[in-house]
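What's in structure-v2.cif: mmCIF, C-alpha atoms and all ligand atoms
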data_target
#
loop_
_atom_site.label_atom_id
_atom_site.label_comp_id
_atom_site.auth_asym_id
_atom_site.auth_seq_id
_atom_site.Cartn_x
_atom_site.Cartn_y
_atom_site.Cartn_z
CA MET A 115 116.46 12.47 123.80
CA GLU A 116 119.81 10.74 123.39
CA VAL A 117 123.01 12.57 124.27
CA ALA A 118 125.81 11.44 121.95
CA GLY A 119 129.51 12.21 122.23
CA SER A 120 130.58 10.61 118.96
CA PHE A 121 129.38 10.83 115.36
CA GLU A 122 128.76 7.09 115.35
CA ALA A 123 126.66 7.16 118.54
CA ALA A 124 124.59 10.04 117.11
CA ARG A 125 123.90 8.12 113.87
CA LYS A 126 122.83 5.01 115.82
CA SER A 127 119.73 6.88 117.04
CA TYR A 128 118.58 7.84 113.54
CA ARG A 129 115.32 6.89 111.87
CA GLY A 130 113.73 8.37 108.74
CA VAL A 131 114.52 11.89 107.55
CA ILE A 132 117.30 13.55 109.54
CA GLY A 133 117.22 17.28 110.31
CA CYS A 134 120.35 18.81 111.83
CA VAL A 135 120.72 22.08 113.78
CA PRO A 136 124.37 23.05 114.35
CA THR A 137 124.93 25.39 117.31
CA MET A 138 127.61 26.49 119.73
CA GLY A 139 125.18 26.09 122.62
CA PHE A 140 123.86 28.38 125.33
CA LEU A 141 120.58 28.07 123.50
CA HIS A 142 118.03 30.83 123.07
CA GLU A 143 114.80 31.20 121.11
CA GLY A 144 116.79 31.77 117.87
CA HIS A 145 118.27 28.27 118.17
CA LEU A 146 114.98 26.85 119.46
CA SER A 147 113.12 28.16 116.39
CA LEU A 148 115.57 26.18 114.19
CA ILE A 149 115.00 23.04 116.29
CA GLU A 150 111.23 23.52 116.01
CA ALA A 151 111.49 23.96 112.23
CA ALA A 152 113.60 20.79 111.99
CA HIS A 153 111.08 18.95 114.20
CA ARG A 154 108.22 19.92 111.86
CA ASP A 155 110.05 18.59 108.76
CA SER A 156 112.05 15.59 110.02
CA ASP A 157 111.74 12.22 111.78
CA THR A 158 114.94 12.67 113.77
CA VAL A 159 116.31 16.03 114.89
CA VAL A 160 119.99 16.13 115.79
CA VAL A 161 121.16 19.29 117.56
CA THR A 162 124.90 19.83 117.77
CA LEU A 163 126.58 21.66 120.65
CA PHE A 164 130.16 22.43 119.82
CA VAL A 165 132.09 25.59 120.57
CA ASN A 166 134.34 25.56 117.53
CA PRO A 167 137.82 26.85 118.40
CA LEU A 168 138.67 27.40 114.71
CA GLN A 169 136.22 30.27 114.36
CA PHE A 170 137.46 32.37 117.28
CA SER A 171 140.31 34.79 116.79
CA SER A 172 141.16 35.26 120.45
CA ALA A 173 141.53 32.63 123.15
CA GLU A 174 139.80 35.04 125.51
CA ASP A 175 136.62 35.19 123.44
CA LEU A 176 136.66 31.39 123.17
CA ASP A 177 137.10 30.96 126.93
CA SER A 178 134.37 33.43 127.82
CA TYR A 179 131.83 31.82 125.45
CA PRO A 180 128.98 30.65 127.73
CA ARG A 181 128.59 26.87 128.16
CA ASP A 182 125.94 24.89 130.08
CA LEU A 183 125.20 21.36 128.92
CA ALA A 184 122.43 20.62 131.46
CA ARG A 185 120.56 23.80 130.54
CA ASP A 186 120.96 23.23 126.79
CA SER A 187 119.81 19.57 127.08
CA GLU A 188 116.54 20.63 128.71
CA LEU A 189 115.84 23.38 126.19
CA ALA A 190 116.74 21.24 123.16
CA GLN A 191 114.53 18.40 124.36
CA GLU A 192 111.57 20.71 125.02
CA SER A 193 111.84 22.07 121.48
CA GLY A 194 111.82 18.64 119.82
CA ALA A 195 115.44 17.45 119.61
CA ASP A 196 115.88 13.66 119.46
CA VAL A 197 119.66 13.57 119.62
CA LEU A 198 121.99 16.05 121.26
CA PHE A 199 125.43 15.73 119.72
CA ALA A 200 127.84 17.24 122.26
CA PRO A 201 131.26 15.95 121.21
CA PRO A 202 134.54 16.51 123.01
CA LEU A 203 137.09 18.50 121.03
CA ASP A 204 139.01 15.40 119.90
CA GLU A 205 135.94 13.77 118.35
CA VAL A 206 135.67 16.66 115.89
CA PHE A 207 139.39 17.46 115.68
CA PRO A 208 141.38 14.37 116.70
CA THR A 209 144.43 16.11 115.24
CA GLU A 210 145.10 19.61 113.95
CA PRO A 211 143.33 19.48 110.56
CA HIS A 212 145.54 19.66 107.48
CA THR A 213 142.43 19.97 105.39
CA THR A 214 140.52 23.20 105.80
CA VAL A 215 137.70 24.69 103.79
CA THR A 216 137.66 28.25 102.52
CA VAL A 217 134.73 29.70 100.62
CA ARG A 218 135.84 32.74 98.72
CA PRO A 219 135.08 35.41 97.67
CA LEU A 220 131.83 35.17 99.67
CA ALA A 221 133.73 35.09 102.93
CA ASP A 222 135.87 38.16 102.22
CA PRO A 223 133.61 41.22 102.75
CA LEU A 224 131.61 42.28 105.85
CA GLU A 225 132.54 39.91 108.70
CA GLY A 226 135.52 38.65 106.68
CA VAL A 227 137.15 42.07 106.95
CA HIS A 228 136.73 42.28 110.73
CA ARG A 229 137.28 38.61 111.59
CA PRO A 230 139.97 37.23 109.29
CA GLY A 231 139.86 33.43 109.18
CA HIS A 232 136.46 33.27 110.87
CA PHE A 233 134.56 31.80 107.92
CA ALA A 234 137.31 29.29 107.14
CA GLY A 235 136.80 28.05 110.72
CA VAL A 236 133.03 27.93 110.26
CA ALA A 237 133.23 26.24 106.84
CA THR A 238 135.70 23.64 108.10
CA VAL A 239 133.61 22.67 111.12
CA VAL A 240 130.33 22.66 109.16
CA THR A 241 131.98 20.37 106.60
CA LYS A 242 133.08 18.02 109.40
CA LEU A 243 129.61 18.04 110.99
CA LEU A 244 127.85 17.36 107.69
CA ALA A 245 130.31 14.59 106.79
CA GLY A 246 130.03 12.97 110.23
CA LEU A 247 126.28 13.36 110.81
CA ARG A 248 125.07 13.06 107.18
CA PRO A 249 121.74 14.85 107.66
CA ASP A 250 119.11 15.23 104.93
CA ARG A 251 118.51 18.85 105.98
CA ALA A 252 120.46 21.40 107.97
CA TYR A 253 118.93 24.51 109.51
CA PHE A 254 120.74 27.83 109.84
CA GLY A 255 119.62 31.28 110.98
CA ARG A 256 119.36 34.25 108.64
CA LYS A 257 120.62 36.27 111.60
CA ASP A 258 124.04 35.18 110.28
CA ALA A 259 123.17 35.83 106.64
CA GLN A 260 126.76 35.81 105.36
CA GLN A 261 127.39 32.51 107.18
CA LEU A 262 124.24 31.10 105.56
CA ALA A 263 125.54 32.11 102.12
CA VAL A 264 128.92 30.50 102.89
CA VAL A 265 127.29 27.25 104.07
CA LYS A 266 124.96 27.07 101.06
CA ARG A 267 127.91 27.55 98.75
CA LEU A 268 130.11 24.92 100.39
CA VAL A 269 127.28 22.38 100.34
CA SER A 270 126.81 23.00 96.63
CA ASP A 271 130.55 23.12 95.79
CA LEU A 272 131.35 19.93 97.72
CA SER A 273 128.17 18.08 96.56
CA PHE A 274 126.83 17.33 100.02
CA PRO A 275 123.40 15.70 99.70
CA THR A 276 122.06 18.01 102.43
CA GLU A 277 119.43 20.68 101.86
CA VAL A 278 120.31 23.91 103.67
CA ILE A 279 117.32 25.77 105.09
CA GLY A 280 117.51 29.40 106.25
CA CYS A 281 115.17 30.52 109.06
CA SER A 282 114.08 34.01 110.16
CA THR A 283 115.82 35.98 112.91
CA ILE A 284 114.30 35.85 116.38
CA ARG A 285 114.54 39.05 118.45
CA GLU A 286 114.17 40.08 122.05
CA SER A 287 110.99 42.01 122.86
CA ASP A 288 112.67 45.38 122.17
CA GLY A 289 114.01 44.21 118.79
CA LEU A 290 117.62 43.29 119.67
CA ALA A 291 118.52 40.15 117.70
CA LEU A 292 119.05 37.23 120.07
CA SER A 293 122.65 36.21 120.51
CA SER A 294 124.34 34.21 123.24
CA ARG A 295 126.67 37.21 123.53
CA ASN A 296 123.80 39.47 124.73
CA ILE A 297 124.22 38.15 128.27
CA HIS A 298 127.54 40.01 128.52
CA LEU A 299 125.94 43.42 127.82
CA GLY A 300 125.69 45.87 130.72
CA THR A 301 122.62 48.14 131.00
CA GLU A 302 124.06 51.05 129.01
CA ASP A 303 125.57 48.90 126.29
CA ARG A 304 122.28 47.00 126.04
CA GLN A 305 120.53 50.31 125.26
CA ARG A 306 123.16 51.34 122.71
CA ALA A 307 122.98 47.91 121.07
CA LEU A 308 119.41 48.71 120.07
CA GLY A 309 120.93 51.04 117.47
CA LEU A 310 121.51 47.97 115.26
CA SER A 311 117.90 46.81 115.09
CA GLN A 312 116.50 50.37 115.15
CA GLY A 313 118.65 51.18 112.13
CA LEU A 314 117.30 48.16 110.30
CA ARG A 315 113.73 48.96 111.26
CA ALA A 316 114.14 52.47 109.87
CA ALA A 317 115.60 51.03 106.65
CA GLN A 318 112.67 48.61 106.45
CA THR A 319 110.20 51.49 106.73
CA ALA A 320 112.03 53.32 103.94
CA ILE A 321 111.99 50.18 101.74
CA LEU A 322 108.26 49.75 102.28
CA THR A 323 107.69 53.33 101.18
CA GLY A 324 109.65 52.77 97.97
CA GLU A 325 113.31 53.53 98.72
CA ARG A 326 115.64 51.25 96.69
CA ASP A 327 118.94 53.14 96.68
CA ALA A 328 121.58 51.18 98.62
CA ALA A 329 123.60 54.21 99.75
CA THR A 330 120.45 55.89 101.11
CA LEU A 331 119.29 52.76 102.93
CA CYS A 332 122.72 52.20 104.50
CA GLN A 333 122.86 55.85 105.56
CA ILE A 334 119.44 55.54 107.21
CA ALA A 335 120.68 52.54 109.23
CA ARG A 336 123.87 54.38 110.22
CA SER A 337 122.14 57.62 111.28
CA GLU A 338 119.54 55.81 113.34
CA ALA A 339 122.29 53.84 115.13
CA GLU A 340 124.30 57.03 115.71
CA GLU A 341 121.30 58.66 117.37
CA ARG A 342 121.62 55.94 119.99
CA GLY A 343 125.34 56.60 120.40
CA LEU A 344 126.35 53.59 118.34
CA ALA A 345 128.94 53.86 115.55
CA LEU A 346 128.45 51.00 113.09
CA GLN A 347 131.54 49.17 111.81
CA TYR A 348 129.70 48.67 108.56
CA ALA A 349 126.29 49.03 106.96
CA GLU A 350 126.16 47.39 103.55
CA LEU A 351 123.53 46.13 101.17
CA VAL A 352 124.62 42.92 99.44
CA ASP A 353 123.24 40.23 97.20
CA ALA A 354 122.14 37.21 99.32
CA GLU A 355 123.96 34.51 97.34
CA GLU A 356 127.21 36.15 96.29
CA VAL A 357 127.48 38.61 99.19
CA LYS A 358 128.46 41.29 96.66
CA ARG A 359 127.61 44.92 97.20
CA ILE A 360 124.59 46.09 95.20
CA LYS A 361 123.69 49.67 94.32
CA THR A 362 119.96 49.18 94.03
CA LEU A 363 117.66 46.85 95.91
CA ASP A 364 116.43 44.89 92.89
CA ARG A 365 117.18 41.28 93.94
CA THR A 366 117.20 39.07 97.03
CA GLY A 367 119.71 40.55 99.42
CA PHE A 368 120.40 41.71 102.93
CA LEU A 369 121.35 44.94 104.63
CA ALA A 370 124.05 43.90 107.07
CA VAL A 371 125.19 45.92 110.09
CA ALA A 372 127.80 45.31 112.78
CA ALA A 373 129.08 47.17 115.83
CA LEU A 374 131.36 46.71 118.76
CA VAL A 375 129.23 47.20 121.87
CA GLY A 376 131.34 47.13 125.01
CA GLU A 377 133.35 43.94 124.71
CA SER A 378 130.90 42.25 122.35
CA ARG A 379 130.80 42.38 118.57
CA LEU A 380 127.18 42.24 117.48
CA ILE A 381 125.81 41.72 113.98
CA ASP A 382 122.34 41.99 112.55
CA ASN A 383 120.69 42.27 109.16
CA LEU A 384 117.46 42.83 107.30
CA CYS A 385 116.85 40.16 104.65
CA VAL A 386 114.83 41.27 101.64
CA SER A 387 113.28 39.00 99.03
CA PHE A 388 110.69 39.35 96.30
CA GLY A 389 107.31 37.57 96.20
CA PRO A 390 105.88 35.76 93.16
CA ASP A 391 104.36 38.98 91.80
CA GLY A 392 107.58 40.90 92.32
CA GLN A 393 106.38 42.53 95.55
CA ILE A 394 109.19 43.36 97.93
CA GLU A 395 109.27 41.40 101.20
CA PRO A 396 111.62 42.60 103.94
CA ASP A 397 112.01 40.05 106.75
CA PHE A 398 112.86 41.77 110.03
CA GLY A 399 112.18 38.46 111.81
CA ARG A 400 110.03 37.61 114.81
CA VAL A 401 110.00 39.70 117.98
CA LEU A 402 109.41 37.81 121.25
CA ASP A 403 106.51 38.90 123.44
CA HIS A 404 108.23 37.56 126.55
CA ARG A 405 111.63 37.63 128.20
CA SER A 406 114.12 35.36 126.53
CA VAL A 407 115.27 32.05 128.02
CA LEU A 408 118.74 33.63 127.85
CA TYR A 409 117.85 35.48 131.06
CA GLU A 410 115.04 33.31 132.44
CA ARG A 411 116.83 29.98 132.28
CA ARG A 412 120.35 30.39 133.61
P1 LIG B 501 125.52 29.90 117.10
O1 LIG B 501 125.26 29.04 118.28
O2 LIG B 501 125.63 31.36 117.41
O3 LIG B 501 126.63 29.38 116.23
O4 LIG B 501 124.22 29.80 116.18
C1 LIG B 501 123.73 28.55 115.75
C2 LIG B 501 122.67 28.79 114.73
O5 LIG B 501 121.62 29.56 115.28
C3 LIG B 501 123.18 29.54 113.49
O6 LIG B 501 122.59 28.97 112.33
C4 LIG B 501 122.68 30.93 113.74
O7 LIG B 501 122.47 31.66 112.56
C5 LIG B 501 121.35 30.66 114.43
N1 LIG B 501 120.93 31.81 115.21
C6 LIG B 501 121.67 32.50 116.12
N2 LIG B 501 120.97 33.54 116.60
C7 LIG B 501 119.77 33.53 115.97
C8 LIG B 501 118.61 34.35 116.02
N3 LIG B 501 118.54 35.40 116.82
N4 LIG B 501 117.57 34.04 115.23
C9 LIG B 501 117.62 32.97 114.40
N5 LIG B 501 118.69 32.14 114.32
C10 LIG B 501 119.75 32.43 115.07
#
Can you give me the file's structure in the form of structure tokens?
Amino acid sequence: MEVAGSFEAARKSYRGVIGCVPTMGFLHEGHLSLIEAAHRDSDTVVVTLFVNPLQFSSAEDLDSYPRDLARDSELAQESGADVLFAPPLDEVFPTEPHTTVTVRPLADPLEGVHRPGHFAGVATVVTKLLAGLRPDRAYFGRKDAQQLAVVKRLVSDLSFPTEVIGCSTIRESDGLALSSRNIHLGTEDRQRALGLSQGLRAAQTAILTGERDAATLCQIARSEAEERGLALQYAELVDAEEVKRIKTLDRTGFLAVAALVGESRLIDNLCVSFGPDGQIEPDFGRVLDHRSVLYERR
């Protein structure tokens, strides 16, 4: 595996079909599943490690974001990465950008309400990465379903020749969605955090037994979380492409939840699509049967 610090050096290692996995590092099985998917479909897999300052609202959150290049190199290589693109800040932002990318109105609800400017930061850096790395495919997690919608839309609006592929959420063995932020959770907060995934599991059960009313499904997620002492910041059922609230679960969408747990803001969602015969298919994601590399490889 090559480690590249510049766009040009990364592109020099290319052959055949290029699959790209953008990350902010401190890799876990969620990221590794994207790298594995890219490895299955591509000749060259380029994994990016870049903690994007534009998408953080506080300097404190940015500074406390975990970073470990040696660890991430090993994990990326084991999962099939060919190139690790780990640029210094001035390779991506040589100057303060005058050109930024906003994707609205998709970016306004849900996370947009709680993290103003966050998606403009994401969209701007993703645009830079796609322009600089020019991959054929780019892999993103459905764990960040609103982000996935934003990225799909910017790729289409700006005519990037990159196919965006969404991959299922990977969860710790008790159901908590993997996030690099989980390592900051103390024992009690870790228990309360389970309210997010338990709420979604309960909503999934209701969906599979025929419930389609959005208000009822959101209430199920909220009550389940509250039973664990967790007050959700939001629970909303939205259309997957437009991120618009829907009243009835009659199209591809996701039930999104978020909560502040201790110092960490955690998000999760249940994606729901429809099969060829119209059968409903909730995707809770894959639950690990072992302890995550988040804790085992530090
Ligand atoms: P991040 O490093 O948090 O910016 O995430 C990089 C990519 O990994 C994004 O496309 C995320 O959606 C994806 N990702 C993060 N956590 C998970 C997870 N638990 N399961 C699947 N994909 C994930």
Check your understanding: Neighbours of Ser147 (chain A) within 12 Å (all atoms listed in the file; same-chain residues fewer than 5 positions away dropped), as a PyMOL selection string?
Key -> chain A and resi 135+141-142+152-154+189-190+192-195+253-256+280-285+292+399-400+402
Any chance you could tabulate, as a tab-separated table, the residues of region 305-410 of chain A at most 8 Å from region 221-227 of chain A with each one's nearest atom pair and distance in Å to one decimal, using all atoms listed in the file, in chain and rising number order?
residue	atom	partner	partner_atom	distance
A:Tyr348	CA	A:Leu224	CA	7.2
A:Glu350	CA	A:Leu224	CA	7.8
A:Val357	CA	A:Pro223	CA	7.6
A:Lys358	CA	A:Pro223	CA	8.0
A:Ala370	CA	A:Leu224	CA	7.8
Practice item. Identify the residues within 9 Å of coordinate (119.5, 54.1, 107.2) (same frame as the file), considering all atoms listed in the file, and give the answer as a PyMOL selection string. Key: chain A and resi 313-318+320+329-339+349
Check your understanding: Between A:Phe164, A:Tyr128, A:Tyr409, A:Phe274, which one has atoms that come closest to Leu203 (chain A), using only C-alpha atoms?
Key ->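 So, comparing all the options, the nearest one is A:Phe164.
Nearest-residue note for ligand LIG 501 (chain B): choosing from A:Gly144, A:Gly119, A:Pro202, A:Gly309, the minimum distance belongs to A:Gly144, counting all atoms listed in the file.
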Point to revise | Distance query Arg359 (chain A) at most 10 Å, only C-alpha atoms, self and fewer than 2 positions along chain excluded, as number ranges by chain | key: A: 223-224, 328, 350-354, 356-357, 361-362, 367-369
Around (110.0, 39.5, 128.9), as given in the file, which residues come within 12 Å? Count all atoms listed in the file and list them as a short mmCIF file (atom, residue, chain, number, x, y, z; two decimals) with C-alpha atoms, in the frame of the given file.
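Everything below was put into part-v9.cif:
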data_model
loop_
_atom_site.label_atom_id
_atom_site.label_comp_id
_atom_site.auth_asym_id
_atom_site.auth_seq_id
_atom_site.Cartn_x
_atom_site.Cartn_y
_atom_site.Cartn_z
CA ARG A 285 114.54 39.05 118.45
CA GLU A 286 114.17 40.08 122.05
CA SER A 287 110.99 42.01 122.86
CA ASP A 288 112.67 45.38 122.17
CA GLY A 289 114.01 44.21 118.79
CA VAL A 401 110.00 39.70 117.98
CA LEU A 402 109.41 37.81 121.25
CA ASP A 403 106.51 38.90 123.44
CA HIS A 404 108.23 37.56 126.55
CA ARG A 405 111.63 37.63 128.20
CA SER A 406 114.12 35.36 126.53
CA VAL A 407 115.27 32.05 128.02
CA LEU A 408 118.74 33.63 127.85
CA TYR A 409 117.85 35.48 131.06
CA GLU A 410 115.04 33.31 132.44
#
Exercise for review: Name the closest residue to Leu176 (chain A) among the candidates A:His145, A:Val265, A:Gln260, A:Arg295; distances are taken between atoms, counting all atoms listed in the file.
Suggested key: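 Of all the options, A:Arg295 lies closest to Leu176 (chain A).
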